[in-house]
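work.cif follows; it contains mmCIF, N, CA and C atoms.
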data_work
#
loop_
_atom_site.label_atom_id
_atom_site.label_comp_id
_atom_site.auth_asym_id
_atom_site.auth_seq_id
_atom_site.Cartn_x
_atom_site.Cartn_y
_atom_site.Cartn_z
N MET A 377 83.06 -29.45 -289.68
CA MET A 377 84.26 -30.04 -289.12
C MET A 377 85.45 -29.87 -290.08
N LEU A 378 85.27 -30.23 -291.35
CA LEU A 378 86.38 -30.17 -292.30
C LEU A 378 86.69 -28.75 -292.76
N LYS A 379 85.75 -27.84 -292.62
CA LYS A 379 85.97 -26.47 -293.08
C LYS A 379 86.41 -25.53 -291.97
N VAL A 380 86.21 -25.91 -290.73
CA VAL A 380 86.56 -25.02 -289.63
C VAL A 380 87.58 -25.66 -288.68
N ALA A 381 87.26 -26.81 -288.14
CA ALA A 381 88.08 -27.40 -287.08
C ALA A 381 89.44 -27.88 -287.60
N VAL A 382 89.44 -28.61 -288.70
CA VAL A 382 90.71 -29.14 -289.22
C VAL A 382 91.63 -28.02 -289.68
N PRO A 383 91.18 -27.04 -290.48
CA PRO A 383 92.09 -25.94 -290.84
C PRO A 383 92.58 -25.13 -289.64
N ALA A 384 91.75 -24.98 -288.63
CA ALA A 384 92.17 -24.24 -287.44
C ALA A 384 93.23 -25.00 -286.65
N ALA A 385 93.20 -26.32 -286.71
CA ALA A 385 94.15 -27.14 -285.95
C ALA A 385 95.45 -27.39 -286.70
N MET A 386 95.47 -27.17 -288.02
CA MET A 386 96.65 -27.51 -288.81
C MET A 386 97.93 -26.82 -288.38
N PRO A 387 97.94 -25.53 -288.01
CA PRO A 387 99.21 -24.94 -287.53
C PRO A 387 99.77 -25.66 -286.31
N HIS A 388 98.89 -26.07 -285.42
CA HIS A 388 99.33 -26.79 -284.22
C HIS A 388 99.82 -28.20 -284.58
N VAL A 389 99.21 -28.81 -285.56
CA VAL A 389 99.65 -30.12 -286.02
C VAL A 389 101.08 -30.03 -286.57
N PHE A 390 101.35 -28.99 -287.34
CA PHE A 390 102.69 -28.84 -287.89
C PHE A 390 103.73 -28.50 -286.84
N VAL A 391 103.35 -27.77 -285.81
CA VAL A 391 104.28 -27.53 -284.70
C VAL A 391 104.62 -28.86 -284.02
N GLY A 392 103.61 -29.69 -283.80
CA GLY A 392 103.86 -31.01 -283.21
C GLY A 392 104.73 -31.88 -284.10
N LEU A 393 104.50 -31.84 -285.40
CA LEU A 393 105.34 -32.61 -286.32
C LEU A 393 106.78 -32.12 -286.30
N PHE A 394 106.97 -30.82 -286.25
CA PHE A 394 108.32 -30.25 -286.20
C PHE A 394 109.04 -30.67 -284.92
N MET A 395 108.37 -30.57 -283.80
CA MET A 395 108.99 -30.97 -282.53
C MET A 395 109.26 -32.46 -282.49
N GLY A 396 108.30 -33.24 -282.98
CA GLY A 396 108.46 -34.69 -282.99
C GLY A 396 109.55 -35.15 -283.93
N LEU A 397 109.74 -34.46 -285.05
CA LEU A 397 110.78 -34.84 -286.01
C LEU A 397 112.17 -34.71 -285.40
N GLY A 398 112.41 -33.62 -284.72
CA GLY A 398 113.71 -33.43 -284.07
C GLY A 398 113.97 -34.46 -282.99
N ALA A 399 112.97 -34.69 -282.16
CA ALA A 399 113.13 -35.66 -281.08
C ALA A 399 113.29 -37.07 -281.63
N ALA A 400 112.51 -37.42 -282.65
CA ALA A 400 112.60 -38.76 -283.24
C ALA A 400 113.96 -38.99 -283.88
N PHE A 401 114.49 -37.98 -284.54
CA PHE A 401 115.80 -38.13 -285.17
C PHE A 401 116.89 -38.33 -284.12
N ALA A 402 116.83 -37.57 -283.04
CA ALA A 402 117.83 -37.72 -281.97
C ALA A 402 117.74 -39.10 -281.33
N VAL A 403 116.53 -39.57 -281.07
CA VAL A 403 116.35 -40.90 -280.45
C VAL A 403 116.81 -42.00 -281.41
N LEU A 404 116.54 -41.82 -282.69
CA LEU A 404 116.96 -42.82 -283.68
C LEU A 404 118.48 -42.95 -283.72
N VAL A 405 119.18 -41.85 -283.70
CA VAL A 405 120.65 -41.89 -283.74
C VAL A 405 121.19 -42.55 -282.47
N VAL A 406 120.66 -42.20 -281.33
CA VAL A 406 121.11 -42.80 -280.07
C VAL A 406 120.82 -44.29 -280.06
N ALA A 407 119.65 -44.69 -280.53
CA ALA A 407 119.31 -46.11 -280.57
C ALA A 407 120.23 -46.87 -281.52
N GLU A 408 120.58 -46.26 -282.64
CA GLU A 408 121.51 -46.92 -283.56
C GLU A 408 122.90 -47.04 -282.95
N MET A 409 123.30 -46.05 -282.16
CA MET A 409 124.62 -46.11 -281.54
C MET A 409 124.69 -47.19 -280.46
N LEU A 410 123.58 -47.44 -279.79
CA LEU A 410 123.61 -48.35 -278.64
C LEU A 410 123.16 -49.77 -278.96
N GLY A 411 122.18 -49.94 -279.84
CA GLY A 411 121.53 -51.23 -279.87
C GLY A 411 121.64 -52.07 -281.12
N VAL A 412 122.17 -51.55 -282.21
CA VAL A 412 122.14 -52.33 -283.45
C VAL A 412 123.53 -52.39 -284.08
N LYS A 413 123.66 -53.23 -285.10
CA LYS A 413 124.93 -53.38 -285.80
C LYS A 413 124.87 -52.80 -287.22
N SER A 414 123.98 -51.85 -287.42
CA SER A 414 123.90 -51.18 -288.73
C SER A 414 123.28 -49.81 -288.53
N GLY A 415 123.42 -48.97 -289.54
CA GLY A 415 122.85 -47.64 -289.48
C GLY A 415 123.93 -46.58 -289.36
N VAL A 416 123.52 -45.36 -289.50
CA VAL A 416 124.47 -44.25 -289.50
C VAL A 416 125.06 -44.05 -288.11
N GLY A 417 124.26 -44.21 -287.06
CA GLY A 417 124.78 -44.07 -285.70
C GLY A 417 125.83 -45.12 -285.37
N TRP A 418 125.57 -46.35 -285.79
CA TRP A 418 126.56 -47.42 -285.58
C TRP A 418 127.82 -47.12 -286.36
N TYR A 419 127.67 -46.68 -287.62
CA TYR A 419 128.84 -46.37 -288.45
C TYR A 419 129.65 -45.24 -287.85
N LEU A 420 128.98 -44.28 -287.24
CA LEU A 420 129.67 -43.17 -286.60
C LEU A 420 130.56 -43.67 -285.47
N GLN A 421 130.04 -44.55 -284.64
CA GLN A 421 130.85 -45.10 -283.55
C GLN A 421 131.95 -46.01 -284.07
N TRP A 422 131.67 -46.78 -285.09
CA TRP A 422 132.69 -47.66 -285.68
C TRP A 422 133.83 -46.83 -286.24
N ALA A 423 133.51 -45.76 -286.97
CA ALA A 423 134.55 -44.91 -287.55
C ALA A 423 135.36 -44.23 -286.46
N GLN A 424 134.72 -43.84 -285.37
CA GLN A 424 135.44 -43.22 -284.27
C GLN A 424 136.37 -44.24 -283.60
N GLY A 425 135.90 -45.47 -283.45
CA GLY A 425 136.72 -46.51 -282.83
C GLY A 425 137.95 -46.86 -283.64
N TRP A 426 137.87 -46.77 -284.96
CA TRP A 426 139.00 -47.07 -285.82
C TRP A 426 139.78 -45.81 -286.20
N ALA A 427 139.48 -44.70 -285.57
CA ALA A 427 140.15 -43.42 -285.81
C ALA A 427 140.08 -43.00 -287.27
N ALA A 428 138.97 -43.34 -287.92
CA ALA A 428 138.73 -42.91 -289.30
C ALA A 428 137.91 -41.62 -289.22
N TYR A 429 138.58 -40.55 -288.86
CA TYR A 429 137.86 -39.31 -288.56
C TYR A 429 137.25 -38.69 -289.82
N GLY A 430 137.84 -38.89 -290.96
CA GLY A 430 137.23 -38.42 -292.20
C GLY A 430 135.89 -39.09 -292.44
N ASN A 431 135.83 -40.40 -292.22
CA ASN A 431 134.57 -41.14 -292.36
C ASN A 431 133.56 -40.71 -291.30
N MET A 432 134.05 -40.43 -290.10
CA MET A 432 133.17 -40.01 -289.02
C MET A 432 132.53 -38.66 -289.35
N TYR A 433 133.33 -37.73 -289.84
CA TYR A 433 132.77 -36.42 -290.20
C TYR A 433 131.84 -36.52 -291.41
N ALA A 434 132.13 -37.44 -292.31
CA ALA A 434 131.23 -37.65 -293.45
C ALA A 434 129.88 -38.20 -292.95
N ALA A 435 129.91 -39.11 -291.98
CA ALA A 435 128.66 -39.64 -291.42
C ALA A 435 127.88 -38.53 -290.71
N LEU A 436 128.58 -37.67 -289.99
CA LEU A 436 127.91 -36.53 -289.34
C LEU A 436 127.28 -35.60 -290.37
N LEU A 437 127.98 -35.38 -291.48
CA LEU A 437 127.44 -34.54 -292.54
C LEU A 437 126.19 -35.17 -293.17
N VAL A 438 126.23 -36.49 -293.37
CA VAL A 438 125.06 -37.19 -293.92
C VAL A 438 123.88 -37.06 -292.96
N MET A 439 124.13 -37.24 -291.67
CA MET A 439 123.07 -37.11 -290.68
C MET A 439 122.50 -35.69 -290.67
N ALA A 440 123.36 -34.69 -290.73
CA ALA A 440 122.90 -33.30 -290.72
C ALA A 440 122.09 -32.99 -291.98
N LEU A 441 122.55 -33.45 -293.13
CA LEU A 441 121.82 -33.22 -294.38
C LEU A 441 120.47 -33.93 -294.38
N LEU A 442 120.44 -35.13 -293.83
CA LEU A 442 119.19 -35.88 -293.77
C LEU A 442 118.17 -35.16 -292.88
N CYS A 443 118.59 -34.74 -291.71
CA CYS A 443 117.67 -34.03 -290.81
C CYS A 443 117.25 -32.69 -291.40
N SER A 444 118.18 -31.96 -291.96
CA SER A 444 117.86 -30.68 -292.58
C SER A 444 116.91 -30.85 -293.76
N GLY A 445 117.12 -31.88 -294.56
CA GLY A 445 116.23 -32.15 -295.68
C GLY A 445 114.82 -32.48 -295.25
N LEU A 446 114.70 -33.26 -294.18
CA LEU A 446 113.37 -33.60 -293.67
C LEU A 446 112.65 -32.38 -293.10
N VAL A 447 113.38 -31.52 -292.41
CA VAL A 447 112.77 -30.30 -291.87
C VAL A 447 112.34 -29.37 -293.02
N THR A 448 113.18 -29.25 -294.04
CA THR A 448 112.84 -28.44 -295.20
C THR A 448 111.60 -28.98 -295.90
N LEU A 449 111.54 -30.30 -296.05
CA LEU A 449 110.37 -30.93 -296.67
C LEU A 449 109.11 -30.66 -295.84
N LEU A 450 109.22 -30.76 -294.53
CA LEU A 450 108.08 -30.49 -293.65
C LEU A 450 107.62 -29.04 -293.80
N PHE A 451 108.56 -28.09 -293.87
CA PHE A 451 108.20 -26.69 -294.03
C PHE A 451 107.54 -26.43 -295.37
N ARG A 452 108.01 -27.08 -296.42
CA ARG A 452 107.39 -26.88 -297.73
C ARG A 452 105.97 -27.45 -297.76
N VAL A 453 105.76 -28.58 -297.14
CA VAL A 453 104.41 -29.14 -297.05
C VAL A 453 103.53 -28.21 -296.24
N ARG A 454 104.06 -27.69 -295.13
CA ARG A 454 103.31 -26.74 -294.31
C ARG A 454 102.93 -25.49 -295.10
N ASP A 455 103.90 -24.94 -295.83
CA ASP A 455 103.62 -23.74 -296.62
C ASP A 455 102.57 -24.00 -297.69
N ARG A 456 102.60 -25.19 -298.26
CA ARG A 456 101.62 -25.52 -299.30
C ARG A 456 100.22 -25.72 -298.72
N LEU A 457 100.15 -26.44 -297.60
CA LEU A 457 98.84 -26.71 -297.00
C LEU A 457 98.25 -25.51 -296.28
N LEU A 458 99.10 -24.64 -295.78
CA LEU A 458 98.62 -23.49 -295.02
C LEU A 458 98.86 -22.19 -295.79
N ALA A 459 98.71 -22.23 -297.11
CA ALA A 459 98.92 -21.04 -297.93
C ALA A 459 97.90 -19.95 -297.58
N TRP A 460 96.76 -20.32 -297.07
CA TRP A 460 95.73 -19.36 -296.70
C TRP A 460 96.12 -18.56 -295.47
N GLN A 461 97.17 -18.97 -294.76
CA GLN A 461 97.62 -18.25 -293.57
C GLN A 461 98.95 -17.54 -293.81
N LYS A 462 99.27 -17.23 -295.05
CA LYS A 462 100.54 -16.63 -295.38
C LYS A 462 100.76 -15.35 -294.57
N GLY A 463 101.91 -15.27 -293.92
CA GLY A 463 102.23 -14.10 -293.13
C GLY A 463 101.74 -14.14 -291.69
N MET A 464 100.86 -15.06 -291.37
CA MET A 464 100.34 -15.15 -290.00
C MET A 464 101.19 -16.08 -289.13
N LEU A 465 101.87 -17.03 -289.76
CA LEU A 465 102.65 -18.01 -289.01
C LEU A 465 104.06 -17.48 -288.76
N LYS A 466 104.51 -17.56 -287.54
CA LYS A 466 105.86 -17.19 -287.16
C LYS A 466 106.51 -18.40 -286.52
N TRP A 467 107.62 -18.85 -287.10
CA TRP A 467 108.32 -20.01 -286.54
C TRP A 467 109.52 -19.55 -285.79
#

With the file now loaded, output its structure as C-alpha coordinates.
Amino acid sequence: MLKVAVPAAMPHVFVGLFMGLGAAFAVLVVAEMLGVKSGVGWYLQWAQGWAAYGNMYAALLVMALLCSGLVTLLFRVRDRLLAWQKGMLKW
(Lines of atoms letter the chains of each structure in order from A and count residues from 1; the text may use other names and numbers.)
(Lines give C-alpha, C1' and ligand atoms only; values in the text may rest on other atoms or scores of the structure.)
Protein backbone atom coordinates (compact mmCIF):
# COMPACT_ATOMS: atom_id res chain seq x y z
CA MET A 1 0.00 0.00 0.00
CA LEU A 2 2.66 2.55 1.02
CA LYS A 3 5.07 1.60 -1.77
CA VAL A 4 2.63 1.40 -4.67
CA ALA A 5 -0.79 2.94 -4.06
CA VAL A 6 0.19 6.13 -2.20
CA PRO A 7 3.03 7.12 -4.59
CA ALA A 8 0.79 6.40 -7.58
CA ALA A 9 -1.96 8.63 -6.15
CA MET A 10 0.29 11.55 -5.15
CA PRO A 11 0.21 13.39 -8.53
CA HIS A 12 -3.58 13.36 -8.39
CA VAL A 13 -3.53 14.54 -4.78
CA PHE A 14 -1.42 17.53 -5.77
CA VAL A 15 -3.74 18.37 -8.67
CA GLY A 16 -6.62 18.38 -6.19
CA LEU A 17 -4.67 20.56 -3.77
CA PHE A 18 -3.84 23.01 -6.56
CA MET A 19 -7.46 23.26 -7.69
CA GLY A 20 -8.73 23.49 -4.13
CA LEU A 21 -6.23 26.21 -3.20
CA GLY A 22 -7.44 28.52 -5.94
CA ALA A 23 -11.09 27.93 -5.17
CA ALA A 24 -10.56 28.29 -1.42
CA PHE A 25 -8.71 31.57 -1.85
CA ALA A 26 -11.46 33.00 -4.06
CA VAL A 27 -14.19 31.92 -1.62
CA LEU A 28 -12.24 33.33 1.33
CA VAL A 29 -11.94 36.75 -0.30
CA VAL A 30 -15.64 36.84 -1.22
CA ALA A 31 -16.62 35.75 2.30
CA GLU A 32 -14.44 38.48 3.80
CA MET A 33 -16.01 41.07 1.51
CA LEU A 34 -19.56 40.07 2.43
CA GLY A 35 -19.68 38.74 5.95
CA VAL A 36 -17.04 40.06 8.32
CA LYS A 37 -15.56 43.30 9.63
CA SER A 38 -11.91 42.33 9.23
CA GLY A 39 -9.57 40.78 6.71
CA VAL A 40 -8.08 41.74 3.40
CA GLY A 41 -11.39 41.46 1.51
CA TRP A 42 -13.11 43.77 3.97
CA TYR A 43 -10.20 46.22 3.80
CA LEU A 44 -10.41 46.17 0.01
CA GLN A 45 -14.06 47.23 0.10
CA TRP A 46 -13.43 49.79 2.83
CA ALA A 47 -10.60 51.38 0.83
CA GLN A 48 -12.79 51.46 -2.27
CA GLY A 49 -15.63 53.09 -0.33
CA TRP A 50 -13.33 55.85 0.94
CA ALA A 51 -11.73 56.31 -2.50
CA ALA A 52 -8.33 55.33 -1.10
CA TYR A 53 -7.30 53.74 -4.35
CA GLY A 54 -3.63 53.49 -3.40
CA ASN A 55 -4.60 51.41 -0.36
CA MET A 56 -6.99 49.36 -2.48
CA TYR A 57 -4.28 48.50 -5.00
CA ALA A 58 -1.88 47.69 -2.16
CA ALA A 59 -4.47 45.26 -0.73
CA LEU A 60 -4.86 43.66 -4.18
CA LEU A 61 -1.08 43.31 -4.41
CA VAL A 62 -0.96 41.68 -0.95
CA MET A 63 -3.70 39.25 -1.99
CA ALA A 64 -1.92 38.40 -5.24
CA LEU A 65 1.42 37.87 -3.48
CA LEU A 66 -0.21 35.71 -0.83
CA CYS A 67 -1.93 33.46 -3.38
CA SER A 68 1.17 33.30 -5.58
CA GLY A 69 3.34 32.44 -2.57
CA LEU A 70 1.02 29.62 -1.54
CA VAL A 71 0.96 28.18 -5.06
CA THR A 72 4.77 28.39 -5.24
CA LEU A 73 5.05 26.65 -1.87
CA LEU A 74 2.68 23.91 -3.05
CA PHE A 75 4.75 23.39 -6.22
CA ARG A 76 7.99 23.18 -4.25
CA VAL A 77 6.49 20.59 -1.90
CA ARG A 78 5.21 18.68 -4.94
CA ASP A 79 8.61 18.78 -6.62
CA ARG A 80 10.28 17.55 -3.44
CA LEU A 81 7.83 14.72 -2.77
CA LEU A 82 7.55 13.64 -6.40
CA ALA A 83 11.24 13.91 -7.33
CA TRP A 84 11.06 10.33 -8.60
CA GLN A 85 8.71 11.51 -11.37
CA LYS A 86 10.92 14.32 -12.65
CA GLY A 87 9.99 15.18 -16.22
CA MET A 88 6.82 13.08 -16.24
CA LEU A 89 4.53 15.70 -14.71
CA LYS A 90 3.11 18.39 -16.95
CA TRP A 91 1.14 21.21 -15.32

Practice item. Apply the PyMOL selection byres ((chain A and resi 438-451) around 8) to the structure shown and report the selected residues as a ChimeraX atom specification. Key: /A:390,393-394,397-398,401,416,432-437,452-457

**Study point:** Interatomic distance (Å, one decimal) between atom CA of A:Val405 and atom CA of A:Met386
**Key:** 28.4 Å

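If you look at atom CA of A:Leu458 and atom CA of A:Ala402, they are 27.2 Å away from each other.
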
Practice item. DSSP on the backbone, then: every residue of chain A marked helix (DSSP H, G or I), written as a PyMOL selection string. Key: chain A and resi 381-411+416-425+429-457+459-461

Which residues come within 9 Å of A:Asn431, counting only C-alpha atoms, excluding same-chain residues fewer than 5 positions away, as an mmCIF file with N, CA and C atoms, in the frame of the given file?
data_model
loop_
_atom_site.group_PDB
_atom_site.id
_atom_site.type_symbol
_atom_site.label_atom_id
_atom_site.label_comp_id
_atom_site.auth_asym_id
_atom_site.auth_seq_id
_atom_site.Cartn_x
_atom_site.Cartn_y
_atom_site.Cartn_z
ATOM 1 N N TYR A 419 127.670 -46.680 -287.620
ATOM 2 C CA TYR A 419 128.840 -46.370 -288.450
ATOM 3 C C TYR A 419 129.650 -45.240 -287.850
ATOM 4 N N LEU A 420 128.980 -44.280 -287.240
ATOM 5 C CA LEU A 420 129.670 -43.170 -286.600
ATOM 6 C C LEU A 420 130.560 -43.670 -285.470
ATOM 7 N N ALA A 423 133.510 -45.760 -286.970
ATOM 8 C CA ALA A 423 134.550 -44.910 -287.550
ATOM 9 C C ALA A 423 135.360 -44.230 -286.460
ATOM 10 N N GLN A 424 134.720 -43.840 -285.370
ATOM 11 C CA GLN A 424 135.440 -43.220 -284.270
ATOM 12 C C GLN A 424 136.370 -44.240 -283.600
ATOM 13 N N LEU A 436 128.580 -37.670 -289.990
ATOM 14 C CA LEU A 436 127.910 -36.530 -289.340
ATOM 15 C C LEU A 436 127.280 -35.600 -290.370
#

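If you look at atom C of A:Lys413 and atom N of A:Gly430, they are 19.4 Å away from each other.
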
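Proximity to A:Gln461 was assessed for A:Met395, A:Leu410, A:Ala384, A:Ala428 counting only C-alpha atoms; the smallest distance is recorded for A:Ala384.
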